[in-house]
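Pasting coords.cif here (mmCIF, C-alpha atoms):
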data_run
loop_
_atom_site.label_atom_id
_atom_site.label_comp_id
_atom_site.auth_asym_id
_atom_site.auth_seq_id
_atom_site.Cartn_x
_atom_site.Cartn_y
_atom_site.Cartn_z
CA CYS A 215 193.02 26.41 -156.97
CA LYS A 216 193.87 23.31 -154.89
CA ARG A 217 190.29 22.10 -154.99
CA LYS A 218 190.32 22.26 -158.78
CA ALA A 219 193.64 20.41 -159.06
CA CYS A 220 192.45 17.69 -156.67
CA LEU A 221 189.22 17.13 -158.59
CA ARG A 222 191.01 16.87 -161.92
CA ASN A 223 193.51 14.32 -160.48
CA GLU A 224 190.79 12.15 -158.99
CA THR A 225 188.80 12.23 -162.22
CA ARG A 226 191.74 11.01 -164.27
CA ASN A 227 193.24 8.43 -161.94
CA ASN A 228 190.26 6.97 -160.10
CA ALA A 229 187.36 6.61 -162.49
CA THR A 230 185.35 4.56 -159.98
CA LYS A 231 185.41 7.15 -157.23
CA SER A 232 182.32 9.31 -156.87
CA ILE A 233 183.10 12.99 -157.46
CA HIS A 234 180.58 15.64 -156.51
CA VAL A 235 180.88 18.53 -158.91
CA THR A 236 179.05 20.82 -156.50
CA GLU A 237 182.13 20.74 -154.23
CA PHE A 238 183.62 23.20 -156.69
CA GLU A 239 181.23 25.98 -155.74
CA VAL A 240 182.35 27.60 -158.98
CA LYS A 241 180.49 30.69 -160.14
CA ILE A 242 180.41 32.76 -163.31
CA THR A 243 182.08 36.12 -162.65
CA ASP A 244 182.11 37.76 -166.08
CA ILE A 245 181.25 37.31 -169.75
CA LYS A 246 183.46 39.23 -172.17
CA VAL A 247 182.90 39.81 -175.88
CA PHE A 248 185.57 40.20 -178.55
CA PRO A 249 184.46 41.23 -182.04
CA THR A 250 187.74 40.23 -183.67
CA GLN A 251 189.29 40.01 -187.10
CA VAL A 252 190.02 36.32 -187.74
CA GLY A 253 191.61 35.74 -191.12
CA ASN A 254 189.52 37.51 -193.73
CA HIS A 255 186.36 37.71 -191.62
CA SER A 256 185.15 39.39 -188.46
CA GLN A 257 184.33 36.87 -185.74
CA PHE A 258 182.40 37.22 -182.49
CA LEU A 259 184.39 35.55 -179.71
CA VAL A 260 183.04 35.21 -176.16
CA LYS A 261 184.92 34.40 -172.96
CA VAL A 262 183.12 33.20 -169.81
CA GLU A 263 185.17 33.59 -166.62
CA THR A 264 184.69 31.98 -163.19
CA ASP A 265 185.86 32.58 -159.65
CA GLU A 266 187.94 29.40 -159.78
CA GLY A 267 190.12 30.75 -162.57
CA ILE A 268 188.62 28.35 -165.11
CA TYR A 269 187.37 30.04 -168.26
CA GLY A 270 185.73 28.93 -171.47
CA TRP A 271 185.65 30.25 -175.03
CA GLY A 272 182.70 30.31 -177.38
CA GLU A 273 181.85 31.83 -180.75
CA GLY A 274 178.65 33.33 -182.13
CA GLY A 275 177.56 32.37 -185.63
CA LEU A 276 175.66 35.48 -186.74
CA ALA A 277 178.29 37.42 -188.65
CA ASN A 278 178.12 41.20 -189.07
CA HIS A 279 175.65 41.73 -186.22
CA ASP A 280 178.23 42.06 -183.44
CA LYS A 281 176.73 45.10 -181.71
CA ALA A 282 173.28 43.56 -181.54
CA VAL A 283 174.60 40.23 -180.21
CA ALA A 284 176.82 42.00 -177.68
CA GLY A 285 173.74 43.85 -176.40
CA VAL A 286 171.93 40.56 -175.83
CA ILE A 287 174.91 39.12 -173.96
CA GLU A 288 174.92 42.17 -171.70
CA TYR A 289 171.29 41.32 -170.89
CA PHE A 290 172.13 37.66 -170.22
CA LYS A 291 174.95 38.66 -167.89
CA GLY A 292 172.36 40.14 -165.53
CA PHE A 293 171.21 36.69 -164.44
CA LEU A 294 174.13 34.44 -165.41
CA ILE A 295 176.81 36.11 -163.29
CA GLY A 296 176.90 34.39 -159.92
CA SER A 297 175.40 31.13 -161.25
CA ASP A 298 177.02 27.72 -161.65
CA PRO A 299 178.48 27.34 -165.19
CA LEU A 300 178.07 23.57 -165.04
CA ASP A 301 174.26 23.88 -165.13
CA ARG A 302 174.42 24.03 -168.91
CA GLY A 303 170.98 22.70 -169.76
CA ALA A 304 169.26 24.95 -167.23
CA HIS A 305 171.09 28.01 -168.54
CA TRP A 306 169.97 27.17 -172.09
CA GLN A 307 166.37 27.17 -170.90
CA ARG A 308 166.80 30.39 -168.92
CA MET A 309 168.27 32.22 -171.88
CA TYR A 310 165.84 30.85 -174.45
CA ARG A 311 162.64 31.11 -172.44
CA GLY A 312 163.48 34.22 -170.42
CA GLN A 313 161.74 36.60 -172.80
CA TYR A 314 158.41 36.52 -174.59
CA PHE A 315 159.87 36.72 -178.11
CA GLU A 316 161.79 33.48 -178.27
CA GLY A 317 164.33 32.27 -180.72
CA SER A 318 165.34 35.15 -182.98
CA LEU A 319 168.81 34.74 -184.49
CA ILE A 320 170.08 37.78 -182.60
CA LEU A 321 169.11 36.16 -179.30
CA THR A 322 170.25 32.69 -180.20
CA ALA A 323 173.63 33.80 -181.56
CA ALA A 324 174.39 35.21 -178.12
CA MET A 325 173.10 32.07 -176.42
CA TRP A 326 175.14 29.70 -178.51
CA ALA A 327 178.42 31.50 -177.89
CA ILE A 328 177.83 31.33 -174.15
CA ALA A 329 176.63 27.73 -174.31
CA ILE A 330 179.79 26.53 -176.07
CA ALA A 331 181.95 28.35 -173.50
CA LEU A 332 180.06 26.64 -170.65
CA TYR A 333 180.90 23.23 -172.08
CA ASP A 334 184.54 24.30 -172.38
CA ILE A 335 184.51 25.26 -168.69
CA THR A 336 182.82 22.01 -167.65
CA GLY A 337 185.32 19.89 -169.57
CA LYS A 338 188.23 21.76 -167.99
CA ALA A 339 186.65 21.48 -164.54
CA LEU A 340 186.29 17.71 -164.84
CA GLY A 341 189.58 17.25 -166.70
CA VAL A 342 187.94 15.64 -169.74
CA PRO A 343 187.43 16.56 -173.41
CA VAL A 344 184.02 18.00 -174.23
CA TYR A 345 183.01 14.91 -176.21
CA GLN A 346 183.15 12.92 -172.96
CA LEU A 347 180.30 15.13 -171.75
CA LEU A 348 178.31 14.13 -174.84
CA GLY A 349 178.51 10.35 -174.45
CA GLY A 350 182.13 9.64 -175.26
CA LYS A 351 184.23 9.16 -178.37
CA GLN A 352 182.76 7.40 -181.41
CA ARG A 353 185.76 7.84 -183.75
CA ASP A 354 189.46 8.63 -183.64
CA TYR A 355 189.32 11.38 -186.22
CA VAL A 356 186.74 13.62 -187.85
CA PRO A 357 186.80 13.59 -191.68
CA ALA A 358 186.56 16.93 -193.46
CA PHE A 359 185.69 18.22 -196.91
CA ALA A 360 187.53 20.86 -198.91
CA THR A 361 186.03 23.80 -200.80
CA VAL A 362 187.14 24.85 -204.28
CA THR A 363 186.58 28.48 -205.23
CA ALA A 364 188.07 28.57 -208.75
CA PRO A 365 185.76 29.92 -211.47
CA ASP A 366 184.53 27.80 -214.36
CA GLY A 367 187.56 26.71 -216.38
CA PRO A 368 190.59 24.42 -216.40
CA GLN A 369 191.80 25.70 -213.00
CA LEU A 370 188.69 24.22 -211.40
CA ILE A 371 189.62 20.76 -212.64
CA GLU A 372 193.27 21.20 -211.66
CA ASP A 373 192.35 22.24 -208.11
CA CYS A 374 190.02 19.27 -207.66
CA GLN A 375 192.63 16.86 -208.98
CA MET A 376 195.23 18.34 -206.64
CA LEU A 377 192.93 17.79 -203.65
CA VAL A 378 192.36 14.15 -204.60
CA GLU A 379 196.12 13.64 -204.97
CA LYS A 380 196.56 15.03 -201.45
CA GLY A 381 194.05 12.56 -200.03
CA TRP A 382 190.83 14.56 -199.97
CA THR A 383 187.90 12.30 -200.77
CA THR A 384 185.09 14.88 -200.48
CA ILE A 385 185.10 18.15 -202.43
CA ARG A 386 182.59 20.97 -202.49
CA ARG A 387 182.54 23.62 -205.16
CA ASN A 388 181.34 27.14 -204.34
CA LEU A 389 178.83 28.46 -206.84
CA PRO A 390 180.46 31.11 -209.06
CA LEU A 391 178.03 33.96 -209.27
CA MET A 392 178.84 34.62 -212.91
CA PRO A 393 180.67 32.42 -215.44
CA ASP A 394 183.86 34.46 -215.07
CA GLY A 395 183.83 34.15 -211.26
CA THR A 396 182.76 37.74 -210.56
CA GLY A 397 179.96 38.77 -208.29
CA SER A 398 181.32 37.62 -204.93
CA SER A 399 181.53 41.03 -203.27
CA GLY A 400 178.85 43.45 -202.14
CA GLY A 401 176.72 45.12 -204.77
CA GLU A 402 177.78 42.84 -207.64
CA LEU A 403 175.71 41.63 -210.55
CA TYR A 404 174.16 38.15 -210.40
CA GLU A 405 171.94 36.52 -213.00
CA PRO A 406 171.34 32.83 -212.17
CA ARG A 407 170.36 31.83 -215.69
CA GLU A 408 173.65 33.16 -217.06
CA SER A 409 175.71 31.00 -214.70
CA ILE A 410 173.67 27.78 -214.56
CA ALA A 411 174.70 26.33 -217.91
CA SER A 412 178.42 27.06 -217.55
CA THR A 413 178.60 25.70 -214.01
CA ALA A 414 176.76 22.51 -214.99
CA VAL A 415 179.13 21.95 -217.92
CA TRP A 416 182.26 22.37 -215.80
CA LEU A 417 180.99 20.21 -212.95
CA THR A 418 180.35 17.48 -215.50
CA LYS A 419 183.96 17.86 -216.68
CA VAL A 420 185.20 17.69 -213.09
CA ARG A 421 183.35 14.41 -212.54
CA GLU A 422 184.77 13.00 -215.76
CA ALA A 423 188.29 13.98 -214.67
CA LEU A 424 187.98 12.63 -211.11
CA GLY A 425 186.07 9.46 -211.84
CA PRO A 426 183.23 8.05 -209.75
CA GLU A 427 184.93 7.67 -206.37
CA PRO A 428 185.39 11.19 -204.89
CA VAL A 429 182.32 12.77 -203.30
CA LEU A 430 181.44 15.95 -205.21
CA GLY A 431 178.93 18.65 -204.30
CA ILE A 432 178.14 22.30 -204.77
CA ASP A 433 176.96 25.06 -202.45
CA ILE A 434 174.24 27.15 -204.12
CA HIS A 435 173.90 29.45 -201.06
CA HIS A 436 170.11 29.81 -201.47
CA ARG A 437 170.49 31.71 -204.74
CA PHE A 438 168.13 29.69 -206.96
CA SER A 439 164.39 29.54 -207.33
CA VAL A 440 162.76 26.10 -207.50
CA ALA A 441 162.71 26.25 -211.30
CA GLU A 442 166.34 27.40 -211.52
CA ALA A 443 167.53 24.68 -209.13
CA ALA A 444 165.66 22.01 -211.08
CA SER A 445 167.03 23.28 -214.39
CA PHE A 446 170.58 23.28 -213.01
CA ALA A 447 170.29 19.73 -211.68
CA GLN A 448 168.78 18.44 -214.91
CA LYS A 449 171.62 19.82 -217.05
CA MET A 450 174.11 17.30 -215.59
CA PRO A 451 174.28 13.54 -216.13
CA ARG A 452 172.92 11.46 -213.30
CA GLY A 453 175.66 10.73 -210.76
CA THR A 454 177.60 13.94 -211.37
CA LEU A 455 176.84 15.38 -207.92
CA ASP A 456 176.63 13.64 -204.55
CA PHE A 457 174.96 16.57 -202.83
CA LEU A 458 173.30 19.87 -203.62
CA GLU A 459 173.80 22.30 -200.75
CA GLU A 460 171.19 24.95 -199.89
CA PRO A 461 169.78 25.23 -203.44
CA ILE A 462 166.82 27.44 -202.41
CA ARG A 463 165.86 29.38 -199.31
CA SER A 464 164.45 27.28 -196.50
CA GLU A 465 161.55 29.40 -195.23
CA SER A 466 159.14 27.17 -197.16
CA PRO A 467 159.48 23.40 -196.68
CA GLU A 468 156.77 23.04 -199.33
CA ALA A 469 159.16 24.57 -201.89
CA TYR A 470 161.69 21.87 -201.04
CA GLU A 471 158.98 19.24 -201.43
CA SER A 472 158.34 20.56 -204.93
CA LEU A 473 162.05 20.58 -205.81
CA ARG A 474 162.44 17.05 -204.42
CA THR A 475 160.11 15.77 -207.15
CA MET A 476 162.31 17.34 -209.87
CA THR A 477 165.75 15.94 -208.95
CA ASP A 478 167.22 12.95 -207.17
CA ILE A 479 170.44 14.69 -206.09
CA PRO A 480 170.72 14.49 -202.27
CA PHE A 481 170.12 17.78 -200.44
CA ALA A 482 172.38 19.21 -197.73
CA ILE A 483 170.56 21.98 -195.81
CA GLY A 484 170.13 23.66 -192.44
CA GLU A 485 173.20 25.83 -191.88
CA GLU A 486 171.12 28.90 -190.98
CA PHE A 487 168.69 27.06 -188.66
CA SER A 488 168.70 28.37 -185.09
CA SER A 489 166.81 25.61 -183.26
CA LYS A 490 165.76 21.98 -183.37
CA TRP A 491 162.27 23.10 -184.31
CA ALA A 492 163.47 24.52 -187.62
CA PHE A 493 164.63 21.02 -188.61
CA ILE A 494 161.23 19.39 -187.94
CA PRO A 495 159.75 19.43 -191.47
CA PHE A 496 163.06 18.77 -193.21
CA ILE A 497 163.80 15.65 -191.19
CA GLU A 498 160.25 14.33 -190.80
CA ARG A 499 159.31 14.85 -194.46
CA GLY A 500 162.58 13.51 -195.83
CA LEU A 501 163.54 16.87 -197.36
CA THR A 502 167.23 16.73 -196.48
CA ASN A 503 169.82 13.98 -196.78
CA PHE A 504 172.63 15.72 -194.91
CA ILE A 505 172.20 17.96 -191.85
CA ARG A 506 174.20 21.18 -192.33
CA LEU A 507 173.97 21.97 -188.64
CA ASP A 508 176.04 24.95 -187.44
CA ILE A 509 176.92 24.54 -183.78
CA CYS A 510 177.33 28.32 -183.42
CA ASN A 511 173.80 28.86 -184.72
CA ILE A 512 171.84 25.83 -183.55
CA GLY A 513 172.25 26.26 -179.79
CA GLY A 514 175.62 24.82 -178.88
CA PHE A 515 176.10 21.20 -177.86
CA THR A 516 172.81 20.84 -175.99
CA GLU A 517 170.69 21.44 -179.09
CA ALA A 518 173.15 19.90 -181.54
CA MET A 519 173.02 16.52 -179.81
CA LYS A 520 169.20 16.57 -179.91
CA VAL A 521 169.22 17.26 -183.65
CA ALA A 522 171.88 14.59 -184.20
CA GLY A 523 169.85 11.95 -182.39
CA TRP A 524 166.73 12.89 -184.27
CA ALA A 525 168.59 12.71 -187.57
CA GLU A 526 170.07 9.33 -186.64
CA ALA A 527 166.56 7.95 -186.17
CA HIS A 528 165.89 8.92 -189.80
CA TYR A 529 169.24 7.62 -191.14
CA ILE A 530 170.56 11.10 -191.93
CA ASP A 531 174.22 12.04 -191.43
CA LEU A 532 175.53 15.31 -190.05
CA MET A 533 177.63 17.48 -192.36
CA PRO A 534 178.29 20.48 -190.09
CA HIS A 535 178.57 24.02 -191.37
CA ASN A 536 181.91 25.43 -190.18
CA PRO A 537 182.64 28.78 -191.83
CA LEU A 538 183.99 30.71 -188.85
CA GLY A 539 187.24 30.21 -186.94
CA PRO A 540 189.12 27.74 -184.71
CA ILE A 541 186.58 27.86 -181.86
CA CYS A 542 183.74 26.79 -184.14
CA THR A 543 186.05 24.15 -185.63
CA ALA A 544 187.00 22.77 -182.21
CA ALA A 545 183.38 22.61 -181.09
CA SER A 546 182.38 20.90 -184.34
CA VAL A 547 185.18 18.32 -183.98
CA HIS A 548 183.99 17.41 -180.48
CA LEU A 549 180.46 17.07 -181.81
CA GLY A 550 181.72 14.92 -184.69
CA ALA A 551 183.61 12.73 -182.26
CA ALA A 552 180.52 12.09 -180.13
CA VAL A 553 177.81 11.32 -182.71
CA THR A 554 177.53 8.12 -184.70
CA ASN A 555 175.83 9.57 -187.79
CA PHE A 556 178.56 11.78 -189.21
CA GLY A 557 179.58 12.51 -192.79
CA TRP A 558 182.16 15.29 -193.12
CA LEU A 559 183.05 18.57 -191.43
CA GLU A 560 183.41 21.71 -193.51
CA CYS A 561 187.05 22.84 -193.54
CA ARG A 562 188.10 26.31 -194.65
CA ASN A 563 191.86 25.74 -194.30
CA SER A 564 192.29 23.18 -197.05
CA PRO A 565 194.97 23.51 -199.79
CA THR A 566 192.47 25.38 -201.98
CA GLU A 567 191.60 27.99 -199.33
CA ASN A 568 194.04 30.18 -197.46
CA LEU A 569 191.83 32.18 -195.13
CA GLY A 570 194.36 32.84 -192.38
CA ARG A 571 192.19 31.37 -189.62
CA ASP A 572 194.99 29.52 -187.83
CA ASP A 573 196.85 32.62 -186.59
CA ARG A 574 199.08 31.46 -183.73
CA ASP A 575 199.17 34.86 -182.03
CA LEU A 576 195.40 34.91 -181.79
CA PHE A 577 195.02 31.16 -181.19
CA PRO A 578 198.10 29.85 -179.34
CA GLN A 579 196.29 26.53 -178.88
CA LEU A 580 193.99 25.10 -181.55
CA LEU A 581 193.00 21.84 -183.21
CA GLU A 582 195.31 21.00 -186.10
CA LEU A 583 194.16 19.63 -189.45
CA GLU A 584 196.11 16.54 -190.48
CA GLY A 585 195.69 15.87 -194.17
CA SER A 586 191.95 15.77 -194.77
CA ARG A 587 190.87 15.12 -191.19
CA TYR A 588 190.98 16.40 -187.64
CA PRO A 589 192.38 14.01 -185.01
CA VAL A 590 190.10 13.85 -181.99
CA PRO A 591 191.80 15.76 -179.13
CA THR A 592 192.49 14.25 -175.73
CA GLY A 593 192.94 17.31 -173.51
CA PRO A 594 190.31 18.88 -171.25
CA GLY A 595 187.61 21.17 -172.60
CA LEU A 596 187.60 22.20 -176.25
CA GLY A 597 191.37 22.07 -176.54
CA ILE A 598 191.68 25.66 -177.71
CA ASP A 599 192.82 28.95 -176.26
CA VAL A 600 192.72 32.57 -177.39
CA GLY A 601 195.31 35.30 -176.99
CA GLU A 602 193.00 37.72 -175.25
CA LYS A 603 195.20 40.79 -175.77
CA PHE A 604 195.48 40.05 -179.48
CA ALA A 605 191.72 39.51 -179.71
CA ALA A 606 191.05 42.86 -178.03
CA ALA A 607 193.59 44.63 -180.24
CA ARG A 608 192.06 43.24 -183.41
CA GLY A 609 188.63 44.67 -182.91
CA ALA A 610 186.81 44.34 -186.22
CA ASP A 611 184.07 46.32 -187.85
CA PRO A 612 181.35 44.32 -189.60
CA SER A 613 182.17 43.34 -193.16
CA PRO A 614 180.22 45.13 -195.89
CA PHE A 615 176.86 43.57 -196.57
CA ASN A 616 176.51 41.79 -199.88
CA HIS A 617 173.72 43.21 -202.01
CA LEU A 618 173.58 41.14 -205.18
CA HIS A 619 171.37 42.55 -207.90
CA ARG A 620 169.97 41.51 -211.27
CA ARG A 621 170.47 43.44 -214.49
CA ASP A 622 167.12 45.14 -214.00
CA GLY A 623 168.30 46.58 -210.66
CA SER A 624 166.28 44.28 -208.38
CA TYR A 625 168.03 42.68 -205.40
CA THR A 626 168.46 38.95 -204.88
CA ASN A 627 169.87 36.51 -202.32
CA TRP A 628 173.51 36.70 -201.36
#
Could I get this file's structure written as structure tokens?
Amino acid sequence: CKRKACLRNETRNNATKSIHVTEFEVKITDIKVFPTQVGNHSQFLVKVETDEGIYGWGEGGLANHDKAVAGVIEYFKGFLIGSDPLDRGAHWQRMYRGQYFEGSLILTAAMWAIAIALYDITGKALGVPVYQLLGGKQRDYVPAFATVTAPDGPQLIEDCQMLVEKGWTTIRRNLPLMPDGTGSSGGELYEPRESIASTAVWLTKVREALGPEPVLGIDIHHRFSVAEAASFAQKMPRGTLDFLEEPIRSESPEAYESLRTMTDIPFAIGEEFSSKWAFIPFIERGLTNFIRLDICNIGGFTEAMKVAGWAEAHYIDLMPHNPLGPICTAASVHLGAAVTNFGWLECRNSPTENLGRDDRDLFPQLLELEGSRYPVPTGPGLGIDVGEKFAAARGADPSPFNHLHRRDGSYTNW
């Protein structure tokens, strides 16, 4: 498209010249969904196409509900096709407020995938990285943290030491469901009280081995009650942990208020929140110290920037949840580049995790991890592309649901 090429050239080489985006007359022509196997997980990829040949990629954060999310996107297509993709804020409002029952995760997962793709299109249209649409670059690279999955034992210490030797300064340990590391697949046994003591002992040993400098935390994944979380925290010397991630479920802010009185370990929560409203009590009441915002759940860049600014006003850093694939990673890096209050980005391709999420056939263009950080990209849009034929050929069925149970047969949180 000559008009597209001309606009991109003028944007790059003549920053003072007024460019009217509406001269594009670009319209959305299709929205395609790709439930795809990415590494060891199924991912929900979304492509938004336009009549100018510019397209954008997004990713939905609600795993294992692909058919339901695809159905919502089919509904959204009814009014998005034919509209201007650059009207990102208006489209967010249309999708969110266009039905009486607002804000369910099924609806918002579809919205967020589309919203991220619209920013990708806008960045490509203007010839600028997405972070330039968010206020510009705040940093040259986005620091990341690594996750250690080894069970309680010497290997846990060895893996953490290896990460520090390779330059990682922030390490998160996944909670082993049982002392021997079992219980991570569907239908497995989980008794919190049987794992609390062992995990506390080995985290204390990790801190002793690493010394005081590295940042050390653990992801509980909502599996504790208030009493169990307090007991776990109190079994370790003060200063062992720098953050306690998602120790209990977040439906009740009052439960977090109670837990806050029982431990002084900073909390990192919010990865499952689907709107800025869900963060209200946790930010305003001082119930979280790190914002575990997931850009594929929270509403794309439009909502993420609102939460980031709100958190900044309360001196809280972002620590984005990033469990999916390269599209979520790219979007999170652009967010991390644009906000001032940023801690670390979750990274699932560290030396202690080999999840196969950087497949070059599926993602011929992606953001590369360098050591323990992501350099901020300079190209237009998100800086990522997807091999559409590979994505279509790798259609994935939802992963089995995880149904953890106690010894008495009752079910508990995965």
For the point (191.3, 38.5, -178.2) in the file's frame, write as a PDB file with C-alpha atoms, in the frame of the given file all residues with an atom no more than 9 Å away, counting only C-alpha atoms.
ATOM      1  CA  VAL A 247     182.900  39.810-175.880  1.00  0.00           C
ATOM      2  CA  PHE A 248     185.570  40.200-178.550  1.00  0.00           C
ATOM      3  CA  PRO A 249     184.460  41.230-182.040  1.00  0.00           C
ATOM      4  CA  THR A 250     187.740  40.230-183.670  1.00  0.00           C
ATOM      5  CA  LEU A 259     184.390  35.550-179.710  1.00  0.00           C
ATOM      6  CA  LEU A 576     195.400  34.910-181.790  1.00  0.00           C
ATOM      7  CA  PHE A 577     195.020  31.160-181.190  1.00  0.00           C
ATOM      8  CA  VAL A 600     192.720  32.570-177.390  1.00  0.00           C
ATOM      9  CA  GLY A 601     195.310  35.300-176.990  1.00  0.00           C
ATOM     10  CA  GLU A 602     193.000  37.720-175.250  1.00  0.00           C
ATOM     11  CA  LYS A 603     195.200  40.790-175.770  1.00  0.00           C
ATOM     12  CA  PHE A 604     195.480  40.050-179.480  1.00  0.00           C
ATOM     13  CA  ALA A 605     191.720  39.510-179.710  1.00  0.00           C
ATOM     14  CA  ALA A 606     191.050  42.860-178.030  1.00  0.00           C
ATOM     15  CA  ALA A 607     193.590  44.630-180.240  1.00  0.00           C
ATOM     16  CA  ARG A 608     192.060  43.240-183.410  1.00  0.00           C
ATOM     17  CA  GLY A 609     188.630  44.670-182.910  1.00  0.00           C
TER      18      GLY A 609
END
Just so the selection is clear, what residues does the PyMOL selection byres ((chain A and resi 361) around 8) cover here, as a PDB file with C-alpha atoms, in the coordinates of the input?
ATOM      1  CA  PHE A 359     185.690  18.220-196.910  1.00  0.00           C
ATOM      2  CA  ALA A 360     187.530  20.860-198.910  1.00  0.00           C
ATOM      3  CA  VAL A 362     187.140  24.850-204.280  1.00  0.00           C
ATOM      4  CA  THR A 363     186.580  28.480-205.230  1.00  0.00           C
ATOM      5  CA  ILE A 385     185.100  18.150-202.430  1.00  0.00           C
ATOM      6  CA  ARG A 386     182.590  20.970-202.490  1.00  0.00           C
ATOM      7  CA  ARG A 387     182.540  23.620-205.160  1.00  0.00           C
ATOM      8  CA  ASN A 388     181.340  27.140-204.340  1.00  0.00           C
ATOM      9  CA  CYS A 561     187.050  22.840-193.540  1.00  0.00           C
ATOM     10  CA  ARG A 562     188.100  26.310-194.650  1.00  0.00           C
ATOM     11  CA  SER A 564     192.290  23.180-197.050  1.00  0.00           C
ATOM     12  CA  THR A 566     192.470  25.380-201.980  1.00  0.00           C
ATOM     13  CA  GLU A 567     191.600  27.990-199.330  1.00  0.00           C
TER      14      GLU A 567
END
Please tabulate, as JSON lines, the residues of stretch 226-330 of chain A that come within 12 Å of stretch 495-508 of chain A, each with its closest pair of atoms and the distance in Å to one decimal, counting all atoms listed in the file and ordering rows by chain, then residue number upward.
{"residue": "A:Glu273", "atom": "CA", "partner": "A:Asp508", "partner_atom": "CA", "distance": 11.2}
{"residue": "A:Gly274", "atom": "CA", "partner": "A:Asp508", "partner_atom": "CA", "distance": 10.3}
{"residue": "A:Gly275", "atom": "CA", "partner": "A:Asp508", "partner_atom": "CA", "distance": 7.8}
{"residue": "A:Leu276", "atom": "CA", "partner": "A:Asp508", "partner_atom": "CA", "distance": 10.6}
{"residue": "A:Ala323", "atom": "CA", "partner": "A:Asp508", "partner_atom": "CA", "distance": 10.9}
{"residue": "A:Trp326", "atom": "CA", "partner": "A:Asp508", "partner_atom": "CA", "distance": 10.2}
{"residue": "A:Ala327", "atom": "CA", "partner": "A:Asp508", "partner_atom": "CA", "distance": 11.8}
Write the residues of the selection above to a file with C-alpha atoms, as a PDB file, in the frame of the given file.
ATOM      1  CA  GLU A 273     181.850  31.830-180.750  1.00  0.00           C
ATOM      2  CA  GLY A 274     178.650  33.330-182.130  1.00  0.00           C
ATOM      3  CA  GLY A 275     177.560  32.370-185.630  1.00  0.00           C
ATOM      4  CA  LEU A 276     175.660  35.480-186.740  1.00  0.00           C
ATOM      5  CA  ALA A 323     173.630  33.800-181.560  1.00  0.00           C
ATOM      6  CA  TRP A 326     175.140  29.700-178.510  1.00  0.00           C
ATOM      7  CA  ALA A 327     178.420  31.500-177.890  1.00  0.00           C
TER       8      ALA A 327
END
- For each of A:Glu584, A:Glu465, A:Asp244, A:Asp531, take the minimum atom-to-atom distance to A:Ala331, counting only C-alpha atoms, then give the residue where this is smallest.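 That would be A:Asp244, the residue with the smallest distance to A:Ala331.
The smallest atom-to-atom distance between A:Ala364 and any of A:Ala443, A:Leu583, A:Leu618, A:Leu417, using all atoms listed in the file, is found for A:Leu417.
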- Which protein, DNA or RNA residues are at most 6 Å from (169.4, 20.5, -197.0) in the file's coordinates when you count all atoms listed in the file, listed as JSON, numbers by chain? {"A": [460, 481, 482, 483, 484, 502]}
Could you please take those selected residues and save C-alpha atoms as a PDB file, in the frame of the given file?
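Everything below was put into result22.pdb:
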ATOM      1  CA  GLU A 460     171.190  24.950-199.890  1.00  0.00           C
ATOM      2  CA  PHE A 481     170.120  17.780-200.440  1.00  0.00           C
ATOM      3  CA  ALA A 482     172.380  19.210-197.730  1.00  0.00           C
ATOM      4  CA  ILE A 483     170.560  21.980-195.810  1.00  0.00           C
ATOM      5  CA  GLY A 484     170.130  23.660-192.440  1.00  0.00           C
ATOM      6  CA  THR A 502     167.230  16.730-196.480  1.00  0.00           C
TER       7      THR A 502
END
- Task: Could you check how far atom CA of A:Ser439 sits from atom CA of A:Lys419, in Å to one decimal?
- Result: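 Here the two named atoms are 24.6 Å from each other.
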- Which residues fall under the PyMOL selection byres ((chain A and resi 339-345) around 7) in this file, as a ChimeraX atom specification? /A:218,221-222,225,333-338,346-351,548-549,551-552,592-596
- Message: To one decimal place in Å, what is the distance between atom CA of A:Thr383 and atom CA of A:Gly585?
- Response: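 So the two atoms, atom CA of A:Thr383 and atom CA of A:Gly585, lie 10.8 Å apart.
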- Item | Residues matched by the PyMOL selection byres ((chain A and resi 302-315) around 8), written as a ChimeraX atom specification | /A:290,294,299-301,316-318,321-322,325,329,332-333,516
- Message: Using only C-alpha atoms, can you tell me which of A:Ser445, A:Ser488, A:Asn536, A:Thr243 comes closest to A:Arg407?
- Response: A:Ser445
- Item | Given all atoms listed in the file as the counted atoms, nearest of A:Ile494, A:Ala518, A:Ala610, A:Ser489 to A:Pro467 |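 Counting all atoms listed in the file, the residue closest to A:Pro467 is A:Ile494.
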- So, counting all atoms listed in the file, which residue among A:Ala527, A:Val553, A:Met476, A:Met519 is closest to A:Lys490?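 Of all the options, A:Met519 lies closest to A:Lys490.
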- Task: Could you tell me which of A:Ala284, A:Ala358, A:Ile242, A:Leu403 comes closest to A:Gly267 if we count only C-alpha atoms?
- Result: A:Ile242
- Task: In Å, rounded to a single decimal, give me how far atom CA of A:Pro428 is from atom CA of A:Pro406.
- Result: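 Atom-to-atom, atom CA of A:Pro406 to atom CA of A:Pro428, that is 26.8 Å.
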- Message: So that I can see what lies close to A:Arg620, please list as a PyMOL selection string the residues with an atom at most 8 Å from it, counting only C-alpha atoms and leaving out residues fewer than 6 positions away in the same chain.
- Response: chain A and resi 403-405+626
- Query: Hey, what's within 9 Å of A:Arg463 if we count all atoms listed in the file and toss same-chain stuff fewer than 2 positions away? As a PyMOL selection string, please?
  - Reply: chain A and resi 435-439+460-461+465-466+469-470+627
